[in-house]
file protein.cif (mmCIF, C-alpha atoms)
data_final
#
loop_
_atom_site.label_atom_id
_atom_site.label_comp_id
_atom_site.auth_asym_id
_atom_site.auth_seq_id
_atom_site.Cartn_x
_atom_site.Cartn_y
_atom_site.Cartn_z
CA MET A 1 59.67 133.00 109.11
CA ASP A 2 62.27 135.50 107.89
CA THR A 3 64.68 134.79 105.02
CA SER A 4 67.68 134.14 107.25
CA SER A 5 65.76 131.57 109.30
CA SER A 6 64.54 129.88 106.12
CA CYS A 7 68.09 129.67 104.74
CA PHE A 8 69.30 128.23 108.03
CA VAL A 9 66.63 125.53 107.96
CA GLU A 10 67.45 124.68 104.33
CA GLU A 11 71.17 124.43 105.09
CA ALA A 12 70.45 122.24 108.11
CA ASN A 13 68.20 119.98 106.05
CA PHE A 14 70.83 119.75 103.29
CA ALA A 15 73.52 118.88 105.86
CA ARG A 16 71.33 116.12 107.33
CA TRP A 17 70.53 114.80 103.84
CA LYS A 18 74.23 114.80 102.90
CA GLU A 19 75.15 113.00 106.11
CA GLU A 20 72.43 110.38 105.56
CA GLU A 21 73.57 109.87 101.95
CA GLU A 22 77.17 109.35 103.05
CA GLU A 23 76.04 106.90 105.74
CA GLU A 24 74.03 104.96 103.14
CA GLU A 25 77.06 104.82 100.81
CA GLU A 26 79.28 103.57 103.65
CA GLU A 27 76.69 100.95 104.59
CA GLU A 28 76.44 99.81 100.96
CA GLU A 29 80.24 99.51 100.71
CA GLU A 30 80.35 97.47 103.94
CA GLN A 31 77.64 95.16 102.63
CA GLU A 32 79.51 94.69 99.33
CA GLU A 33 82.76 93.92 101.13
CA GLU A 34 81.01 91.50 103.49
CA ALA A 35 79.42 89.76 100.49
CA VAL A 36 82.81 89.48 98.82
CA LYS A 37 84.35 88.08 102.00
CA ARG A 38 81.56 85.50 102.35
CA GLU A 39 82.08 84.49 98.71
CA GLU A 40 85.81 84.10 99.27
CA ASP A 41 85.31 82.15 102.50
CA SER A 42 82.78 79.77 100.95
CA GLY A 43 84.17 79.47 97.42
CA PRO A 44 87.10 77.39 96.13
CA GLN A 45 90.43 78.79 97.22
CA THR A 46 93.36 79.26 94.88
CA GLN A 47 96.78 78.97 96.45
CA TRP A 48 98.76 82.20 96.56
CA ILE A 49 101.78 81.99 94.30
CA THR A 50 104.57 83.82 96.09
CA GLY A 51 106.32 86.30 93.86
CA SER A 52 103.93 85.97 90.94
CA ALA A 53 104.33 89.68 90.21
CA PRO A 54 105.72 92.66 92.12
CA GLY A 55 103.56 95.20 93.88
CA LEU A 56 100.38 93.13 93.64
CA GLY A 57 99.66 92.40 97.28
CA PHE A 58 96.86 93.77 99.42
CA PHE A 59 96.52 97.53 99.17
CA SER A 60 94.85 100.35 101.05
CA ARG A 61 92.09 102.19 99.23
CA THR A 62 92.89 105.84 98.94
CA GLU A 63 90.20 107.35 96.73
CA ARG A 64 87.55 106.85 94.07
CA GLU A 65 88.06 107.84 90.47
CA VAL A 66 85.19 108.55 88.08
CA PHE A 67 85.24 107.69 84.36
CA HIS A 68 82.69 107.98 81.58
CA TYR A 69 82.39 105.24 78.97
CA VAL A 70 79.45 103.68 77.11
CA GLY A 71 77.29 106.56 78.34
CA LYS A 72 77.82 105.44 81.94
CA GLU A 73 79.48 106.96 84.98
CA ILE A 74 81.96 104.37 86.26
CA VAL A 75 83.28 104.74 89.80
CA ILE A 76 86.48 102.84 90.57
CA GLU A 77 88.18 102.29 93.93
CA THR A 78 91.92 102.81 93.51
CA GLY A 79 94.98 102.28 95.69
CA PHE A 80 98.24 103.99 94.82
CA ASP A 81 100.41 101.62 96.87
CA SER A 82 99.88 98.78 94.40
CA TYR A 83 100.27 98.24 90.66
CA ALA A 84 96.89 96.47 90.69
CA GLY A 85 95.22 99.38 92.43
CA MET A 86 96.10 102.01 89.84
CA ILE A 87 94.41 103.03 86.59
CA TRP A 88 97.00 102.63 83.84
CA PRO A 89 97.12 104.38 80.44
CA GLY A 90 96.63 101.10 78.57
CA ALA A 91 93.29 100.47 80.28
CA LEU A 92 92.07 103.97 79.43
CA ALA A 93 93.23 103.66 75.82
CA LEU A 94 91.65 100.25 75.26
CA ALA A 95 88.41 101.16 77.05
CA HIS A 96 88.10 104.20 74.79
CA TYR A 97 88.95 102.17 71.68
CA LEU A 98 86.34 99.49 72.38
CA ASP A 99 83.73 102.13 73.20
CA THR A 100 84.34 104.03 69.96
CA HIS A 101 84.81 101.02 67.64
CA ARG A 102 81.72 98.97 68.43
CA GLY A 103 81.15 98.24 64.77
CA GLN A 104 84.61 96.70 64.46
CA PHE A 105 84.41 94.75 67.72
CA ASN A 106 80.86 93.82 68.63
CA LEU A 107 81.13 92.41 72.16
CA VAL A 108 77.42 91.69 72.64
CA ASP A 109 77.05 88.16 74.06
CA LYS A 110 80.72 87.45 73.38
CA ALA A 111 82.86 85.55 75.91
CA VAL A 112 85.60 87.93 77.04
CA LEU A 113 88.56 87.25 79.32
CA GLU A 114 90.67 90.03 80.80
CA ILE A 115 94.08 89.08 82.16
CA GLY A 116 95.67 91.32 84.78
CA ALA A 117 92.36 93.12 85.31
CA GLY A 118 93.56 95.14 88.33
CA THR A 119 90.80 97.55 89.34
CA GLY A 120 88.44 96.15 86.70
CA LEU A 121 87.79 99.32 84.70
CA LEU A 122 88.27 97.62 81.32
CA SER A 123 86.11 94.65 82.34
CA VAL A 124 83.35 97.03 83.47
CA VAL A 125 83.40 98.74 80.06
CA ALA A 126 83.32 95.38 78.25
CA ALA A 127 80.37 94.26 80.39
CA HIS A 128 78.45 97.45 79.54
CA LEU A 129 79.18 96.72 75.88
CA GLY A 130 77.23 93.48 76.31
CA ALA A 131 80.05 90.98 76.84
CA CYS A 132 80.04 87.98 79.12
CA VAL A 133 83.20 88.92 81.04
CA THR A 134 85.60 86.97 83.21
CA ALA A 135 88.06 89.32 84.91
CA THR A 136 91.22 87.70 86.26
CA ASP A 137 94.15 88.68 88.45
CA LEU A 138 96.12 87.42 91.42
CA PRO A 139 94.09 86.11 94.39
CA SER A 140 95.17 88.95 96.67
CA VAL A 141 93.53 91.67 94.57
CA LEU A 142 90.26 89.95 93.70
CA SER A 143 88.35 91.56 96.58
CA ASN A 144 88.68 95.10 95.25
CA LEU A 145 88.15 93.85 91.70
CA ARG A 146 84.84 92.23 92.70
CA VAL A 147 83.65 95.33 94.54
CA ASN A 148 84.34 97.54 91.51
CA LEU A 149 82.64 95.12 89.13
CA SER A 150 79.60 94.75 91.35
CA ARG A 151 79.19 98.46 92.03
CA ASN A 152 79.32 99.39 88.34
CA THR A 153 77.42 96.54 86.65
CA ARG A 154 74.86 95.24 89.15
CA GLY A 155 71.43 95.11 87.56
CA CYS A 156 72.40 97.02 84.42
CA CYS A 157 74.36 94.58 82.22
CA ARG A 158 73.27 91.68 80.01
CA HIS A 159 75.72 89.38 81.76
CA PRO A 160 77.00 89.85 85.34
CA PRO A 161 80.82 89.78 85.11
CA GLN A 162 82.70 87.00 86.85
CA THR A 163 86.14 86.95 88.50
CA ALA A 164 88.77 84.25 88.75
CA ALA A 165 92.28 83.92 90.15
CA LEU A 166 94.90 83.64 87.41
CA PRO A 167 98.60 83.69 88.32
CA TRP A 168 100.36 83.85 84.95
CA GLY A 169 101.86 80.63 83.68
CA HIS A 170 100.76 78.48 86.65
CA ASN A 171 98.59 75.35 86.20
CA LEU A 172 96.78 76.77 83.19
CA GLU A 173 95.79 73.37 81.82
CA SER A 174 94.19 72.33 85.11
CA THR A 175 92.53 75.63 86.10
CA PHE A 176 91.40 76.69 82.59
CA PRO A 177 91.57 73.41 80.64
CA THR A 178 89.02 73.91 77.84
CA SER A 179 88.05 77.54 78.18
CA VAL A 180 87.56 79.21 74.80
CA TYR A 181 86.96 82.96 74.64
CA ASP A 182 85.95 85.16 71.73
CA TYR A 183 88.19 87.94 73.01
CA VAL A 184 91.12 88.15 75.40
CA LEU A 185 91.89 91.66 76.66
CA ALA A 186 95.13 92.84 78.25
CA ALA A 187 96.09 96.40 79.21
CA ASP A 188 99.49 97.50 80.53
CA VAL A 189 100.38 93.98 81.65
CA VAL A 190 103.96 94.51 80.43
CA TYR A 191 105.89 96.64 82.88
CA HIS A 192 108.88 96.31 85.20
CA HIS A 193 108.55 92.69 86.36
CA ASP A 194 110.28 89.37 85.82
CA PHE A 195 107.34 87.31 84.61
CA LEU A 196 107.17 88.17 80.94
CA GLU A 197 107.74 84.57 79.83
CA GLU A 198 104.84 83.46 82.03
CA LEU A 199 102.70 86.24 80.61
CA LEU A 200 103.43 85.18 77.02
CA ALA A 201 102.67 81.55 77.91
CA THR A 202 99.34 82.66 79.39
CA MET A 203 98.47 84.62 76.28
CA LYS A 204 99.32 81.62 74.08
CA HIS A 205 97.16 79.35 76.24
CA PHE A 206 94.05 81.48 75.83
CA CYS A 207 94.53 82.67 72.25
CA LYS A 208 93.06 79.66 70.45
CA PRO A 209 91.61 79.44 66.92
CA GLY A 210 88.62 81.76 66.85
CA THR A 211 89.97 83.99 69.63
CA THR A 212 91.01 87.59 69.12
CA LEU A 213 93.56 88.95 71.58
CA ILE A 214 93.67 92.75 72.02
CA TRP A 215 96.64 94.11 73.92
CA ALA A 216 97.20 97.77 74.82
CA ASN A 217 100.48 98.87 76.35
CA LYS A 218 102.63 101.91 76.87
CA VAL A 219 106.26 101.20 76.04
CA ARG A 220 108.43 102.28 78.97
CA PHE A 221 111.48 100.01 79.05
CA GLU A 222 113.71 98.17 76.61
CA THR A 223 112.25 94.91 77.91
CA ASP A 224 108.83 96.09 76.70
CA ALA A 225 110.11 96.31 73.13
CA THR A 226 111.74 92.89 73.47
CA PHE A 227 108.45 91.39 74.66
CA THR A 228 106.62 93.03 71.77
CA GLU A 229 108.94 91.33 69.28
CA LYS A 230 108.33 87.95 70.92
CA PHE A 231 104.60 88.67 70.90
CA LYS A 232 104.67 89.37 67.17
CA LYS A 233 106.55 86.13 66.53
CA ALA A 234 104.12 84.11 68.65
CA PHE A 235 100.93 85.46 67.01
CA HIS A 236 99.60 86.81 63.76
CA THR A 237 99.39 90.50 64.73
CA SER A 238 98.11 93.76 63.28
CA PRO A 239 98.18 97.28 64.76
CA LEU A 240 94.88 98.87 65.78
CA ALA A 241 96.05 102.23 67.13
CA GLU A 242 99.25 104.03 68.05
CA GLU A 243 99.78 107.34 69.77
CA GLY A 244 103.31 108.07 70.95
CA GLU A 245 104.44 105.21 73.17
CA MET A 246 100.89 103.84 73.51
CA LYS A 247 100.17 100.94 71.16
CA ILE A 248 97.12 98.72 70.70
CA LEU A 249 97.70 95.44 68.88
CA MET A 250 95.27 92.76 67.71
CA ALA A 251 96.46 89.16 67.57
CA THR A 252 95.22 85.75 66.51
CA CYS A 253 96.95 82.43 66.89
CA LYS A 254 99.36 81.26 64.20
CA GLU A 255 97.48 77.96 63.94
CA GLU A 256 94.40 79.81 62.68
CA GLU A 257 96.46 81.72 60.13
CA GLU A 258 98.07 78.52 58.89
CA GLU A 259 94.64 76.88 58.50
CA GLU A 260 93.39 79.85 56.46
CA GLU A 261 96.45 79.75 54.20
CA ALA A 262 96.01 76.01 53.68
CA GLY A 263 92.38 76.60 52.74
CA GLU A 264 93.38 79.24 50.19
CA ARG A 265 95.95 76.88 48.66
CA ARG A 266 93.32 74.12 48.35
CA LYS A 267 90.99 76.55 46.55
CA MET A 268 93.74 77.45 44.10
CA CYS A 269 94.38 73.80 43.33
#
call {"tool": "encode", "arguments": {"input": "protein.cif", "output": "structure tokens"}}
result
Amino acid sequence: MDTSSSCFVEEANFARWKEEEEEEEEEEEEQEEEAVKREEDSGPQTQWITGSAPGLGFFSRTEREVFHYVGKEIVIETGFDSYAGMIWPGALALAHYLDTHRGQFNLVDKAVLEIGAGTGLLSVVAAHLGACVTATDLPSVLSNLRVNLSRNTRGCCRHPPQTAALPWGHNLESTFPTSVYDYVLAADVVYHHDFLEELLATMKHFCKPGTTLIWANKVRFETDATFTEKFKKAFHTSPLAEEGEMKILMATCKEEEEEEEAGERRKMC
């Protein structure tokens, strides 16, 4: 066989292999989506809260984005017609911080809750760092969240991440009555919406004694700065990182701080 014929055969074989690979990927995606749909159809349903946050309805997938954290390639389905379908700077900043500060925040076997998880990138990183993760968001975006979590953690994490519906400020005592988490993560949950009071109430509900809340956010509007001041009044806070308008804050509940101060006073007496 001459060289040109050999090259033609190789190109044809490569084309067939590429086509088969793409078909397998499409079939895998369909199976994942069908599994998610079966889970939603059979599992407990959470009522949709109309107007819980803007731009968080169903969205069309437009492309995959690839990230590298914890020595892993993480592939995320995104949708640019929804706030929940986009990768925001806060998620990138906090994912990088947790990946590069493992000595400061050891997530292995820790119970971690992410609020406003969106595409799930941050929850995927936390799961690869060994955490037992519950990723939450509005009911309408859980499908894509589950697909991203499953695709990037299946069979390779200590604890398979879970998902749960969590409209901010609604029925927290009944839906999450006694849940205690080691860490609560939030990334770019403060933006142009009218539910900042509900968000703060949700943070207060989950930030109990023994819980560390880590919040990363890019300041964009005056309301962001106002929320930050309320956040600092509600919790005992300390800065972890700051670069331009991007800030990462650590917080613990005031009750824990008061208990520690009381203990110190008793020692002095």
call {"tool": "atom_distance", "arguments": {"input": "protein.cif", "atom1": "atom CA of A:Glu242", "atom2": "atom CA of A:Gly103"}}
result
19.3 Å
call {"tool": "closest_atom_pairs", "arguments": {"input": "protein.cif", "of": "stretch 177-234 of chain A", "to": "stretch 132-152 of chain A", "cutoff": "10 Å", "atoms": "all atoms listed in the file", "output": "JSON lines"}}
result
{"residue": "A:Tyr181", "atom": "CA", "partner": "A:Val133", "partner_atom": "CA", "distance": 9.5}
{"residue": "A:Asp182", "atom": "CA", "partner": "A:Cys132", "partner_atom": "CA", "distance": 9.9}
{"residue": "A:Tyr183", "atom": "CA", "partner": "A:Val133", "partner_atom": "CA", "distance": 9.5}
{"residue": "A:Val184", "atom": "CA", "partner": "A:Thr134", "partner_atom": "CA", "distance": 9.6}
{"residue": "A:Leu185", "atom": "CA", "partner": "A:Ala135", "partner_atom": "CA", "distance": 9.4}
call {"tool": "closest_residue", "arguments": {"input": "protein.cif", "among": "A:Cys157, A:Val189, A:Val219, A:Ala165", "to": "A:Gly116", "atoms": "all atoms listed in the file"}}
result
A:Val189
call {"tool": "atom_distance", "arguments": {"input": "protein.cif", "atom1": "atom CA of A:Asp188", "atom2": "atom CA of A:Gly90"}}
result
5.0 Å
call {"tool": "resolve_selection", "arguments": {"input": "protein.cif", "expression": "the PyMOL selection byres ((chain A and resi 81-88) around 12)", "output": "PyMOL selection string"}}
result
chain A and resi 53-67+75-80+89-95+115-122+136-145+148+186-193+216-218+246
